[in-house]
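So this block is my_file-v1.cif, mmCIF, C-alpha atoms and all ligand atoms:
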```
data_coords
loop_
_atom_site.label_atom_id
_atom_site.label_comp_id
_atom_site.auth_asym_id
_atom_site.auth_seq_id
_atom_site.Cartn_x
_atom_site.Cartn_y
_atom_site.Cartn_z
CA MET A 508 112.46 101.42 99.08
CA GLU A 509 114.85 103.56 101.07
CA LEU A 510 116.70 102.20 104.08
CA GLY A 511 115.19 104.81 106.41
CA ASP A 512 111.69 103.94 105.26
CA ARG A 513 112.37 100.25 105.76
CA MET A 514 113.71 100.84 109.25
CA LEU A 515 110.68 102.90 110.17
CA ARG A 516 108.43 100.18 108.84
CA ALA A 517 110.49 97.64 110.78
CA LEU A 518 109.86 99.59 113.95
CA LEU A 519 106.15 99.75 113.25
CA SER A 520 106.13 96.04 112.47
CA ALA A 521 107.88 95.34 115.73
CA LEU A 522 105.26 97.36 117.52
CA GLY A 523 102.67 95.32 115.73
CA ARG A 524 104.10 92.13 117.11
CA LYS A 525 104.45 93.21 120.68
CA GLY A 526 100.83 93.73 121.62
CA GLY A 527 98.16 91.12 121.40
CA THR A 528 95.07 91.78 119.38
CA ARG A 529 92.80 91.92 122.37
CA GLY A 530 91.38 95.04 123.83
CA TRP A 531 91.37 97.04 120.62
CA ALA A 532 88.06 98.67 120.07
CA PHE A 533 86.87 101.89 118.60
CA SER A 534 86.22 104.26 121.43
CA SER A 535 84.02 107.29 121.65
CA TRP A 536 86.49 108.99 123.95
CA GLN A 537 86.22 112.65 123.09
CA SER A 538 88.93 114.29 125.14
CA TYR A 539 91.52 114.21 122.37
CA MET A 540 89.23 115.45 119.62
CA PRO A 541 91.00 118.36 117.97
CA LEU A 542 89.34 121.59 118.87
CA ALA A 543 86.61 122.58 116.45
CA GLY A 544 87.92 124.90 113.79
CA LEU A 545 89.69 124.86 110.52
CA LEU A 546 92.44 122.36 111.16
CA SER A 547 94.81 121.41 108.40
CA ALA A 548 96.28 117.94 107.97
CA THR A 549 99.62 119.21 109.28
CA GLU A 550 97.98 120.59 112.39
CA VAL A 551 96.05 117.38 112.96
CA VAL A 552 99.26 115.38 112.64
CA SER A 553 100.92 117.64 115.21
CA HIS A 554 97.95 117.34 117.52
CA TRP A 555 97.87 113.54 117.48
CA THR A 556 101.65 113.28 117.62
CA ALA A 557 101.57 115.26 120.85
CA VAL A 558 98.74 113.11 122.20
CA PHE A 559 100.55 109.89 121.32
CA GLU A 560 103.79 111.15 122.85
CA LYS A 561 101.99 112.16 126.02
CA ARG A 562 100.43 108.71 126.23
CA GLY A 563 103.74 106.96 125.55
CA ILE A 564 102.69 105.55 122.18
CA PRO A 565 105.85 104.57 120.29
CA GLU A 566 106.60 106.11 116.90
CA ALA A 567 104.13 108.86 117.69
CA GLN A 568 104.73 111.02 114.63
CA ALA A 569 104.91 108.18 112.12
CA SER A 570 101.69 106.70 113.51
CA SER A 571 99.93 110.03 113.32
CA GLU A 572 101.17 110.71 109.78
CA TYR A 573 100.12 107.30 108.49
CA ILE A 574 96.64 107.72 109.94
CA VAL A 575 96.06 111.21 108.56
CA ALA A 576 97.50 110.25 105.16
CA HIS A 577 95.24 107.20 105.04
CA VAL A 578 92.14 109.27 105.77
CA LEU A 579 93.16 111.65 102.97
CA GLY A 580 93.60 108.76 100.55
CA ALA A 581 97.40 108.62 100.46
CA LYS A 582 99.93 105.98 101.55
CA THR A 583 102.29 108.38 103.29
CA PHE A 584 102.05 111.91 104.59
CA GLN A 585 105.07 112.88 102.50
CA SER A 586 103.29 111.82 99.33
CA LEU A 587 100.32 114.14 99.98
CA ARG A 588 100.05 117.06 97.63
CA PRO A 589 101.08 120.27 99.49
CA VAL A 590 97.58 121.70 99.15
CA LEU A 591 96.11 118.70 100.95
CA ARG A 592 98.48 119.24 103.85
CA THR A 593 97.38 122.82 104.38
CA GLN A 594 93.68 122.85 103.58
CA PRO A 595 91.18 122.22 106.42
CA LEU A 596 89.96 118.70 106.99
CA SER A 597 86.23 118.12 106.73
CA PRO A 598 84.32 117.22 109.92
CA TRP A 599 84.01 113.65 108.60
CA GLN A 600 87.77 113.42 108.01
CA LEU A 601 88.49 114.77 111.49
CA GLN A 602 86.14 112.26 113.00
CA HIS A 603 87.71 109.42 111.01
CA VAL A 604 91.21 110.43 112.13
CA GLN A 605 89.96 110.54 115.69
CA LYS A 606 88.43 107.08 115.47
CA LEU A 607 91.61 105.53 114.04
CA SER A 608 93.83 107.42 116.49
CA HIS A 609 91.87 106.00 119.39
CA CYS A 610 92.77 102.54 118.13
CA ARG A 611 96.42 103.56 118.13
CA LEU A 612 96.01 104.83 121.69
CA GLN A 613 95.00 101.29 122.51
CA ARG A 614 98.26 100.17 120.87
CA MET A 615 96.72 98.55 117.85
CA PRO A 616 99.47 98.29 115.22
CA VAL A 617 99.19 100.89 112.48
CA GLN A 618 99.00 98.16 109.83
CA TYR A 619 95.84 96.74 111.37
CA ILE A 620 94.36 100.21 111.84
CA LEU A 621 94.86 101.07 108.18
CA GLY A 622 93.77 97.58 107.13
CA GLU A 623 96.45 97.36 104.47
CA TRP A 624 100.21 97.52 104.13
CA ASP A 625 102.66 97.56 101.26
CA PHE A 626 105.07 94.72 100.67
CA GLN A 627 107.31 94.61 97.60
CA GLY A 628 105.10 97.19 95.94
CA LEU A 629 101.93 95.16 96.51
CA SER A 630 99.16 96.55 98.62
CA LEU A 631 98.05 93.74 100.92
CA LYS A 632 95.05 93.59 103.18
CA MET A 633 96.04 93.19 106.83
CA ALA A 634 93.83 91.94 109.61
CA PRO A 635 94.43 90.55 113.07
CA PRO A 636 95.44 87.95 114.09
CA VAL A 637 97.46 87.36 110.92
CA PHE A 638 101.16 88.22 111.17
CA ILE A 639 102.14 91.62 109.73
CA PRO A 640 104.94 91.12 107.19
CA ARG A 641 108.23 92.62 108.25
CA PRO A 642 110.34 94.88 106.04
CA GLU A 643 113.25 92.47 106.56
CA THR A 644 111.25 89.80 104.77
CA GLU A 645 111.34 91.91 101.61
CA GLU A 646 115.06 91.22 101.56
CA LEU A 647 114.43 87.48 101.68
CA VAL A 648 112.12 87.80 98.69
CA GLU A 649 114.69 89.90 96.83
CA TRP A 650 117.37 87.28 97.46
CA VAL A 651 115.18 84.50 96.12
CA LEU A 652 114.24 86.57 93.07
CA LYS A 653 117.90 87.18 92.35
CA GLU A 654 118.79 83.50 92.74
CA VAL A 655 115.94 82.40 90.49
CA THR A 656 116.48 84.97 87.76
CA GLN A 657 120.25 84.49 87.70
CA SER A 658 120.07 80.72 87.79
CA SER A 659 121.36 78.99 84.69
CA CYS A 660 119.16 75.98 85.40
CA PRO A 661 115.66 75.85 83.98
CA MET A 662 113.12 75.40 86.72
CA GLY A 663 109.75 73.73 86.64
CA ALA A 664 107.82 72.04 83.88
CA GLN A 665 106.17 75.30 82.81
CA GLY A 666 109.36 77.31 82.53
CA GLY A 667 109.15 78.74 86.02
CA PRO A 668 109.76 77.38 89.49
CA LEU A 669 107.22 75.58 91.61
CA ILE A 670 107.62 77.21 95.01
CA LEU A 671 106.36 76.04 98.39
CA GLU A 672 105.83 78.62 101.10
CA VAL A 673 105.43 77.24 104.61
CA GLY A 674 103.45 79.61 106.81
CA CYS A 675 102.10 82.11 104.30
CA GLY A 676 100.38 84.49 106.76
CA SER A 677 98.93 87.33 104.69
CA GLY A 678 100.45 85.87 101.51
CA ALA A 679 103.13 88.57 101.32
CA ILE A 680 106.01 86.32 100.26
CA SER A 681 104.04 84.05 97.92
CA LEU A 682 102.20 86.86 96.18
CA SER A 683 105.25 89.02 95.68
CA LEU A 684 107.14 86.08 94.17
CA LEU A 685 104.22 85.31 91.89
CA SER A 686 103.90 88.90 90.77
CA GLN A 687 107.60 89.19 89.95
CA LEU A 688 108.09 85.72 88.47
CA PRO A 689 105.33 85.47 85.88
CA GLN A 690 106.07 81.81 85.07
CA SER A 691 106.15 80.66 88.67
CA ARG A 692 103.54 78.72 90.59
CA VAL A 693 103.20 78.66 94.36
CA ILE A 694 101.80 76.30 96.94
CA ALA A 695 101.14 78.38 100.06
CA VAL A 696 100.38 76.55 103.28
CA ASP A 697 99.46 77.78 106.73
CA LYS A 698 97.88 76.18 109.74
CA GLY A 699 95.86 79.29 110.61
CA GLU A 700 92.42 79.63 109.13
CA ALA A 701 92.63 83.43 109.25
CA ALA A 702 95.93 83.32 107.35
CA ILE A 703 94.50 81.01 104.70
CA CYS A 704 91.50 83.32 104.20
CA LEU A 705 93.66 86.44 104.06
CA THR A 706 96.09 84.95 101.54
CA GLN A 707 93.09 83.91 99.45
CA GLU A 708 91.63 87.40 99.60
CA ASN A 709 94.93 89.09 98.80
CA ALA A 710 95.54 86.71 95.89
CA GLN A 711 92.10 87.55 94.55
CA ARG A 712 92.63 91.30 94.93
CA LEU A 713 95.92 91.02 93.06
CA ARG A 714 94.51 88.67 90.40
CA LEU A 715 97.06 85.99 91.16
CA LEU A 716 94.67 83.21 92.08
CA ASP A 717 95.33 81.20 88.93
CA ARG A 718 98.95 80.42 89.91
CA ILE A 719 98.59 79.77 93.61
CA GLN A 720 97.26 76.84 95.60
CA ILE A 721 96.42 77.84 99.15
CA VAL A 722 96.40 74.84 101.44
CA PRO A 723 95.35 74.77 105.09
CA LEU A 724 97.99 72.56 106.63
CA ASP A 725 99.82 72.14 109.90
CA VAL A 726 103.20 70.92 108.73
CA THR A 727 104.05 69.52 112.14
CA LEU A 728 101.27 66.98 111.97
CA GLU A 729 102.16 63.43 111.12
CA GLY A 730 101.72 62.75 107.41
CA SER A 731 100.82 66.34 106.60
CA TRP A 732 103.36 66.53 103.77
CA SER A 733 101.49 63.85 101.85
CA HIS A 734 98.86 66.52 101.09
CA LEU A 735 101.45 68.25 98.95
CA LEU A 736 102.44 65.22 96.88
CA PRO A 737 99.87 65.80 94.10
CA TRP A 738 101.79 68.89 93.00
CA GLY A 739 105.02 66.98 92.52
CA PRO A 740 108.53 67.98 93.54
CA MET A 741 109.04 71.60 94.52
CA ASP A 742 111.86 73.68 93.11
CA LEU A 743 112.13 75.95 96.13
CA VAL A 744 110.87 76.17 99.66
CA ILE A 745 110.64 79.54 101.32
CA SER A 746 109.57 80.26 104.85
CA ASN A 747 109.54 82.86 107.53
CA PRO A 748 108.54 80.44 110.24
CA PRO A 749 107.87 81.22 113.87
CA TYR A 750 110.79 78.92 114.56
CA ILE A 751 112.88 76.36 112.73
CA PHE A 752 111.10 73.08 112.29
CA HIS A 753 113.93 70.54 112.58
CA GLN A 754 111.69 67.59 112.03
CA ASP A 755 110.14 69.29 109.00
CA MET A 756 113.53 69.74 107.40
CA GLU A 757 114.11 66.04 107.75
CA GLN A 758 110.84 65.32 106.02
CA LEU A 759 111.30 67.96 103.39
CA ALA A 760 114.76 66.99 102.27
CA PRO A 761 113.91 64.29 99.71
CA GLU A 762 111.14 66.41 98.19
CA ILE A 763 113.21 69.47 97.46
CA ARG A 764 114.92 69.78 94.14
CA ARG A 765 117.00 72.86 94.78
CA SER A 766 116.87 75.11 97.81
CA ILE A 767 115.33 76.28 101.02
CA PHE A 768 115.28 80.00 101.86
CA LEU A 769 114.48 80.87 105.45
CA GLU A 770 114.08 84.00 107.49
CA VAL A 771 115.27 83.35 111.03
CA ASP A 772 116.09 84.95 114.31
CA PRO A 773 119.68 86.33 114.25
CA ARG A 774 120.68 83.66 116.82
CA HIS A 775 119.58 80.84 114.52
CA PRO A 776 122.18 80.71 111.71
CA GLU A 777 124.91 79.33 113.95
CA LEU A 778 122.59 76.78 115.51
CA VAL A 779 121.22 75.66 112.15
CA GLY A 780 124.74 75.40 110.69
CA SER A 781 125.95 73.18 113.56
CA TRP A 782 122.81 71.10 113.47
CA LEU A 783 123.10 70.45 109.73
CA GLN A 784 126.75 69.50 110.17
CA SER A 785 125.76 67.00 112.81
CA ARG A 786 123.21 65.48 110.43
CA PRO A 787 125.08 64.48 107.24
CA ASP A 788 122.30 61.98 106.57
CA LEU A 789 120.04 64.89 105.61
CA SER A 790 122.39 65.88 102.75
CA LEU A 791 121.66 69.55 103.37
CA ASP A 792 124.29 72.30 103.41
CA LEU A 793 123.97 75.79 104.77
CA VAL A 794 125.44 77.52 101.73
CA ALA A 795 124.87 81.16 102.64
CA VAL A 796 123.85 83.42 105.49
CA ARG A 797 122.75 86.94 104.69
CA LYS A 798 122.46 89.96 106.92
CA ASP A 799 119.38 92.18 106.97
CA PHE A 800 119.51 95.95 106.56
CA CYS A 801 120.38 96.29 110.23
CA GLY A 802 123.40 94.04 109.78
CA ARG A 803 121.90 91.08 111.67
CA PRO A 804 122.32 87.56 110.25
CA ARG A 805 118.75 86.97 109.18
CA PHE A 806 118.41 84.81 106.07
CA LEU A 807 119.58 81.29 105.32
CA HIS A 808 120.07 79.49 102.04
CA ILE A 809 120.12 75.73 102.50
CA ARG A 810 120.81 73.42 99.59
CA ARG A 811 120.98 69.72 99.03
CA SER A 812 124.54 68.47 98.97
CA GLY A 813 125.93 66.74 95.93
CA PRO A 814 125.46 67.35 92.22
CA GLN A 815 123.69 70.57 91.34
CA CYS A 816 121.17 71.68 88.78
CA GLY A 817 120.63 69.05 86.13
CA CYS A 818 121.09 66.10 88.45
CA LEU A 819 118.87 67.64 91.08
CA MET A 820 116.26 68.43 88.46
CA GLU A 821 116.23 64.78 87.54
CA ALA A 822 115.65 63.68 91.12
C1 LIG B 1 106.15 84.55 111.22
S1 LIG B 1 104.65 84.23 110.41
C2 LIG B 1 105.12 84.56 108.72
C3 LIG B 1 103.94 84.93 107.83
C4 LIG B 1 104.35 85.40 106.43
N1 LIG B 1 105.09 84.40 105.70
C5 LIG B 1 105.17 86.67 106.52
O1 LIG B 1 106.40 86.64 106.39
O2 LIG B 1 104.57 87.73 106.74
C6 LIG B 1 104.60 82.48 110.48
C7 LIG B 1 103.36 81.84 109.89
O3 LIG B 1 103.55 80.42 110.00
C8 LIG B 1 102.31 79.83 110.33
N2 LIG B 1 102.59 78.55 111.00
C9 LIG B 1 103.10 78.39 112.25
N3 LIG B 1 103.22 77.09 112.53
C10 LIG B 1 102.79 76.41 111.43
C11 LIG B 1 102.66 75.04 111.12
N4 LIG B 1 102.97 74.10 112.00
N5 LIG B 1 102.18 74.69 109.89
C12 LIG B 1 101.84 75.65 108.99
N6 LIG B 1 101.93 76.97 109.25
C13 LIG B 1 102.40 77.35 110.44
C14 LIG B 1 101.63 80.84 111.23
O4 LIG B 1 100.22 80.65 111.24
C15 LIG B 1 102.06 82.16 110.59
O5 LIG B 1 101.10 82.62 109.67
#
```

Target encoding structure tokens, full file:
Amino acid sequence: MELGDRMLRALLSALGRKGGTRGWAFSSWQSYMPLAGLLSATEVVSHWTAVFEKRGIPEAQASSEYIVAHVLGAKTFQSLRPVLRTQPLSPWQLQHVQKLSHCRLQRMPVQYILGEWDFQGLSLKMAPPVFIPRPETEELVEWVLKEVTQSSCPMGAQGGPLILEVGCGSGAISLSLLSQLPQSRVIAVDKGEAAICLTQENAQRLRLLDRIQIVPLDVTLEGSWSHLLPWGPMDLVISNPPYIFHQDMEQLAPEIRRSIFLEVDPRHPELVGSWLQSRPDLSLDLVAVRKDFCGRPRFLHIRRSGPQCGCLMEA
């Protein structure tokens, strides 16, 4: 995916996070209905872009393009065949665009309006209140994929790693790892019922249910980790948490055979590094910090100290 596209998607994701999910409803407000007539997709995009701009809706053109493309059955406006951009929309299509655009006027994130969003080439269902995956997170997945595929150590009893994702949301991280690591298995946990259901649905849509265990679990609750014991030691833990769970790291440490990969706020790497240094008893090292495509320190690789690979696999 191109950098520009990722940045645009990052902006839309950010917009998605700012508003709550309340107050979004389809409205029958007619005043912005394009004038009756033979309006092409391009003209409808221009119309709604102007309306969004006038109403102070951020990313007015991108929002309008995504909506019109969606109604015409495409992912992006740019990918529409030229003829579809110039031929008149049907009354039903116009009405559908209007309905979705009214949701945008109420600041509903585009991802929720469309009901799906691409992540690592997978089309995932999106629904409030579940977190919309950020384009930055694709970089975290790519880093893990690179580490796993370039690793000289065999992982997992079945030839692939057993991965734990803490806070799976829509399932974006877990499902993209599963789809690109055919031997891997994933335990995906989340405390939110809506997230658990959405990950389940997305796994089913992508036919990945046979290699994923989706567990409703609040990892901050006392004893919660014992629910994961039946699956044995994990090879990797990956998380894009709402914040860093210090106490969870303490509990996780003995269970992890290799690594933790985290997406964090750019202010976190320094704090996490100092904290780990102050806690040698945890035997965890911050071995790498990576920047996202905007140059902000965003991803952490934390590893158990001491002997690597074989010895850790024996643990
Ligand atoms: C920032 S979202 C990330 C979602 C998804 N991994 C992604 O990148 O799109 C964090 C997720 O962690 C979940 N979560 C927050 N606290 C949790 C806890 N104590 N135990 C389990 N899941 C938790 C939230 O419900 C949410 O789905």

Next on the checklist: Please find the residues contacting ligand LIG 1 (chain B) at a distance of at most 8 Å between atoms, with only C-alpha atoms and all ligand atoms counted, and report them as a PyMOL selection string.
Outcome noted: chain A and resi 637-641+644+672-681+696-699+702+723-728+746-749

Would you save the residues from that selection as a PDB file, in the frame of the given file, using C-alpha atoms?
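Output saved as again-v2.pdb:
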```pdb
ATOM      1  CA  VAL A 637      97.460  87.360 110.920  1.00  0.00           C
ATOM      2  CA  PHE A 638     101.160  88.220 111.170  1.00  0.00           C
ATOM      3  CA  ILE A 639     102.140  91.620 109.730  1.00  0.00           C
ATOM      4  CA  PRO A 640     104.940  91.120 107.190  1.00  0.00           C
ATOM      5  CA  ARG A 641     108.230  92.620 108.250  1.00  0.00           C
ATOM      6  CA  THR A 644     111.250  89.800 104.770  1.00  0.00           C
ATOM      7  CA  GLU A 672     105.830  78.620 101.100  1.00  0.00           C
ATOM      8  CA  VAL A 673     105.430  77.240 104.610  1.00  0.00           C
ATOM      9  CA  GLY A 674     103.450  79.610 106.810  1.00  0.00           C
ATOM     10  CA  CYS A 675     102.100  82.110 104.300  1.00  0.00           C
ATOM     11  CA  GLY A 676     100.380  84.490 106.760  1.00  0.00           C
ATOM     12  CA  SER A 677      98.930  87.330 104.690  1.00  0.00           C
ATOM     13  CA  GLY A 678     100.450  85.870 101.510  1.00  0.00           C
ATOM     14  CA  ALA A 679     103.130  88.570 101.320  1.00  0.00           C
ATOM     15  CA  ILE A 680     106.010  86.320 100.260  1.00  0.00           C
ATOM     16  CA  SER A 681     104.040  84.050  97.920  1.00  0.00           C
ATOM     17  CA  VAL A 696     100.380  76.550 103.280  1.00  0.00           C
ATOM     18  CA  ASP A 697      99.460  77.780 106.730  1.00  0.00           C
ATOM     19  CA  LYS A 698      97.880  76.180 109.740  1.00  0.00           C
ATOM     20  CA  GLY A 699      95.860  79.290 110.610  1.00  0.00           C
ATOM     21  CA  ALA A 702      95.930  83.320 107.350  1.00  0.00           C
ATOM     22  CA  PRO A 723      95.350  74.770 105.090  1.00  0.00           C
ATOM     23  CA  LEU A 724      97.990  72.560 106.630  1.00  0.00           C
ATOM     24  CA  ASP A 725      99.820  72.140 109.900  1.00  0.00           C
ATOM     25  CA  VAL A 726     103.200  70.920 108.730  1.00  0.00           C
ATOM     26  CA  THR A 727     104.050  69.520 112.140  1.00  0.00           C
ATOM     27  CA  LEU A 728     101.270  66.980 111.970  1.00  0.00           C
ATOM     28  CA  SER A 746     109.570  80.260 104.850  1.00  0.00           C
ATOM     29  CA  ASN A 747     109.540  82.860 107.530  1.00  0.00           C
ATOM     30  CA  PRO A 748     108.540  80.440 110.240  1.00  0.00           C
ATOM     31  CA  PRO A 749     107.870  81.220 113.870  1.00  0.00           C
TER      32      PRO A 749
END
```

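Counting only C-alpha atoms and comparing A:Leu682, A:Val648, A:Met615, A:Leu621, the residue that lies closest to A:Leu807 is A:Val648.
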
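Taking all atoms listed in the file into account, those protein, DNA and RNA residues with any atom at most 12 Å away from (93.5, 81.3, 91.0) amount to Leu682, Leu685, Arg692, Val693, Ile694, Thr706, Gln707, Glu708, Asn709, Ala710, Gln711, Arg712, Leu713, Arg714, Leu715, Leu716, Asp717, Arg718, Ile719, Gln720 and Ile721 of chain A.
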
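Among A:Leu688, A:Leu743, A:Ala581, A:Ala567, the residue with the shortest atom-to-atom distance to A:Arg614, counting all atoms listed in the file, is A:Ala567.
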
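Pairwise distance (atom CA of A:Ile620, atom CA of A:Cys801) equals 26.4 Å.
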
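Comparing the minimum interatomic distances between A:Arg797 and each of A:Asp742, A:Glu729, A:Glu649, A:Glu700, counting only C-alpha atoms, we find that A:Glu649 sits nearest.
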
Taking a cut-off of 12 Å and counting only C-alpha atoms, can you build a table that, for each residue of stretch 643-677 of chain A near stretch 761-785 of chain A, reports the nearest atom pair and how far apart they are in Å (one decimal), sorted by chain then residue number, as a Markdown table?
```
| residue | atom | partner | partner_atom | distance |
| --- | --- | --- | --- | --- |
| A:Glu643 | CA | A:Glu770 | CA | 8.6 |
| A:Thr644 | CA | A:Glu770 | CA | 7.0 |
| A:Glu645 | CA | A:Glu770 | CA | 10.2 |
| A:Glu646 | CA | A:Glu770 | CA | 9.4 |
| A:Leu647 | CA | A:Glu770 | CA | 6.8 |
| A:Val648 | CA | A:Phe768 | CA | 9.0 |
| A:Glu649 | CA | A:Phe768 | CA | 11.1 |
| A:Trp650 | CA | A:Phe768 | CA | 8.8 |
| A:Val651 | CA | A:Phe768 | CA | 7.3 |
| A:Leu652 | CA | A:Phe768 | CA | 11.0 |
| A:Glu654 | CA | A:Ser766 | CA | 10.0 |
| A:Val655 | CA | A:Ser766 | CA | 10.4 |
| A:Ser658 | CA | A:Arg765 | CA | 11.0 |
| A:Cys660 | CA | A:Arg765 | CA | 10.1 |
| A:Pro661 | CA | A:Arg765 | CA | 11.3 |
| A:Met662 | CA | A:Arg765 | CA | 9.3 |
| A:Gly663 | CA | A:Arg764 | CA | 9.9 |
| A:Pro668 | CA | A:Arg765 | CA | 10.0 |
| A:Leu669 | CA | A:Arg764 | CA | 10.0 |
| A:Ile670 | CA | A:Ile767 | CA | 9.8 |
| A:Leu671 | CA | A:Ile767 | CA | 9.4 |
| A:Glu672 | CA | A:Phe768 | CA | 9.6 |
| A:Val673 | CA | A:Leu769 | CA | 9.8 |
| A:Gly674 | CA | A:Leu769 | CA | 11.2 |
```

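The gap separating atom CA of A:Glu623 from atom CA of A:Gln594 is 25.7 Å, in Å to one decimal.
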
Skipping near chain neighbours, those fewer than 3 positions away, what residues fall within 10 Å of A:Gln568 using all atoms listed in the file, listed as a PDB file with C-alpha atoms, keeping the file's coordinate frame?
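Written output follows (around_25.pdb):
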```pdb
ATOM      1  CA  VAL A 552      99.260 115.380 112.640  1.00  0.00           C
ATOM      2  CA  SER A 553     100.920 117.640 115.210  1.00  0.00           C
ATOM      3  CA  HIS A 554      97.950 117.340 117.520  1.00  0.00           C
ATOM      4  CA  TRP A 555      97.870 113.540 117.480  1.00  0.00           C
ATOM      5  CA  THR A 556     101.650 113.280 117.620  1.00  0.00           C
ATOM      6  CA  ALA A 557     101.570 115.260 120.850  1.00  0.00           C
ATOM      7  CA  VAL A 558      98.740 113.110 122.200  1.00  0.00           C
ATOM      8  CA  PHE A 559     100.550 109.890 121.320  1.00  0.00           C
ATOM      9  CA  GLU A 560     103.790 111.150 122.850  1.00  0.00           C
ATOM     10  CA  ILE A 564     102.690 105.550 122.180  1.00  0.00           C
ATOM     11  CA  PRO A 565     105.850 104.570 120.290  1.00  0.00           C
ATOM     12  CA  SER A 571      99.930 110.030 113.320  1.00  0.00           C
ATOM     13  CA  GLU A 572     101.170 110.710 109.780  1.00  0.00           C
ATOM     14  CA  TYR A 573     100.120 107.300 108.490  1.00  0.00           C
ATOM     15  CA  ILE A 574      96.640 107.720 109.940  1.00  0.00           C
TER      16      ILE A 574
END
```

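A straight line drawn from atom CA of A:Pro589 to atom CA of A:Cys610 is 27.0 Å long.
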
Next on the checklist: Please determine, counting all atoms listed in the file, which residue among A:Gln627, A:Gln602, A:Pro616, A:Arg803 has the shortest atom-to-atom distance to A:Glu566.
Outcome noted: A:Pro616

Using all atoms listed in the file, list the residues that have an atom at most 6 Å from (119.9, 67.1, 104.1), coordinates as in the file, as an mmCIF file with C-alpha atoms, in the coordinates of the input.
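Printed below is part.cif as written:
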```
data_model
loop_
_atom_site.group_PDB
_atom_site.id
_atom_site.type_symbol
_atom_site.label_atom_id
_atom_site.label_comp_id
_atom_site.auth_asym_id
_atom_site.auth_seq_id
_atom_site.Cartn_x
_atom_site.Cartn_y
_atom_site.Cartn_z
ATOM 1 C CA ALA A 760 114.760 66.990 102.270
ATOM 2 C CA LEU A 789 120.040 64.890 105.610
ATOM 3 C CA SER A 790 122.390 65.880 102.750
ATOM 4 C CA LEU A 791 121.660 69.550 103.370
ATOM 5 C CA ARG A 811 120.980 69.720 99.030
#
```

Checklist outcome for this item: Between A:Ser570, A:Gln657, A:Ser733, A:Ser597, smallest distance to A:Phe584 by all atoms listed in the file belongs to A:Ser570

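With all atoms listed in the file as the atoms that count, the residue of A:Lys798, A:His734, A:Lys582, A:Lys632 with the shortest distance to A:Leu705 is A:Lys632.
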
Hey, could you patch up stretch 547-558 of chain A with N, CA and C atoms and hand it over as a short mmCIF file (atom, residue, chain, number, x, y, z; two decimals), keeping the file's coordinate frame?
```cif
data_model
loop_
_atom_site.label_atom_id
_atom_site.label_comp_id
_atom_site.auth_asym_id
_atom_site.auth_seq_id
_atom_site.Cartn_x
_atom_site.Cartn_y
_atom_site.Cartn_z
N SER A 547 94.19 122.02 109.57
CA SER A 547 94.81 121.41 108.40
C SER A 547 95.36 120.03 108.77
N ALA A 548 95.71 119.27 107.74
CA ALA A 548 96.28 117.94 107.97
C ALA A 548 97.54 118.05 108.81
N THR A 549 98.38 119.03 108.52
CA THR A 549 99.62 119.21 109.28
C THR A 549 99.33 119.46 110.75
N GLU A 550 98.31 120.30 110.99
CA GLU A 550 97.98 120.59 112.39
C GLU A 550 97.41 119.36 113.10
N VAL A 551 96.63 118.58 112.35
CA VAL A 551 96.05 117.38 112.96
C VAL A 551 97.15 116.37 113.28
N VAL A 552 98.12 116.27 112.37
CA VAL A 552 99.26 115.38 112.64
C VAL A 552 99.98 115.83 113.91
N SER A 553 100.22 117.13 114.02
CA SER A 553 100.92 117.64 115.21
C SER A 553 100.13 117.35 116.47
N HIS A 554 98.81 117.57 116.35
CA HIS A 554 97.95 117.34 117.52
C HIS A 554 98.06 115.90 118.01
N TRP A 555 97.88 114.94 117.06
CA TRP A 555 97.87 113.54 117.48
C TRP A 555 99.27 113.04 117.85
N THR A 556 100.28 113.64 117.22
CA THR A 556 101.65 113.28 117.62
C THR A 556 101.86 113.63 119.09
N ALA A 557 101.40 114.83 119.45
CA ALA A 557 101.57 115.26 120.85
C ALA A 557 100.78 114.34 121.79
N VAL A 558 99.56 114.00 121.36
CA VAL A 558 98.74 113.11 122.20
C VAL A 558 99.41 111.76 122.36
#
```
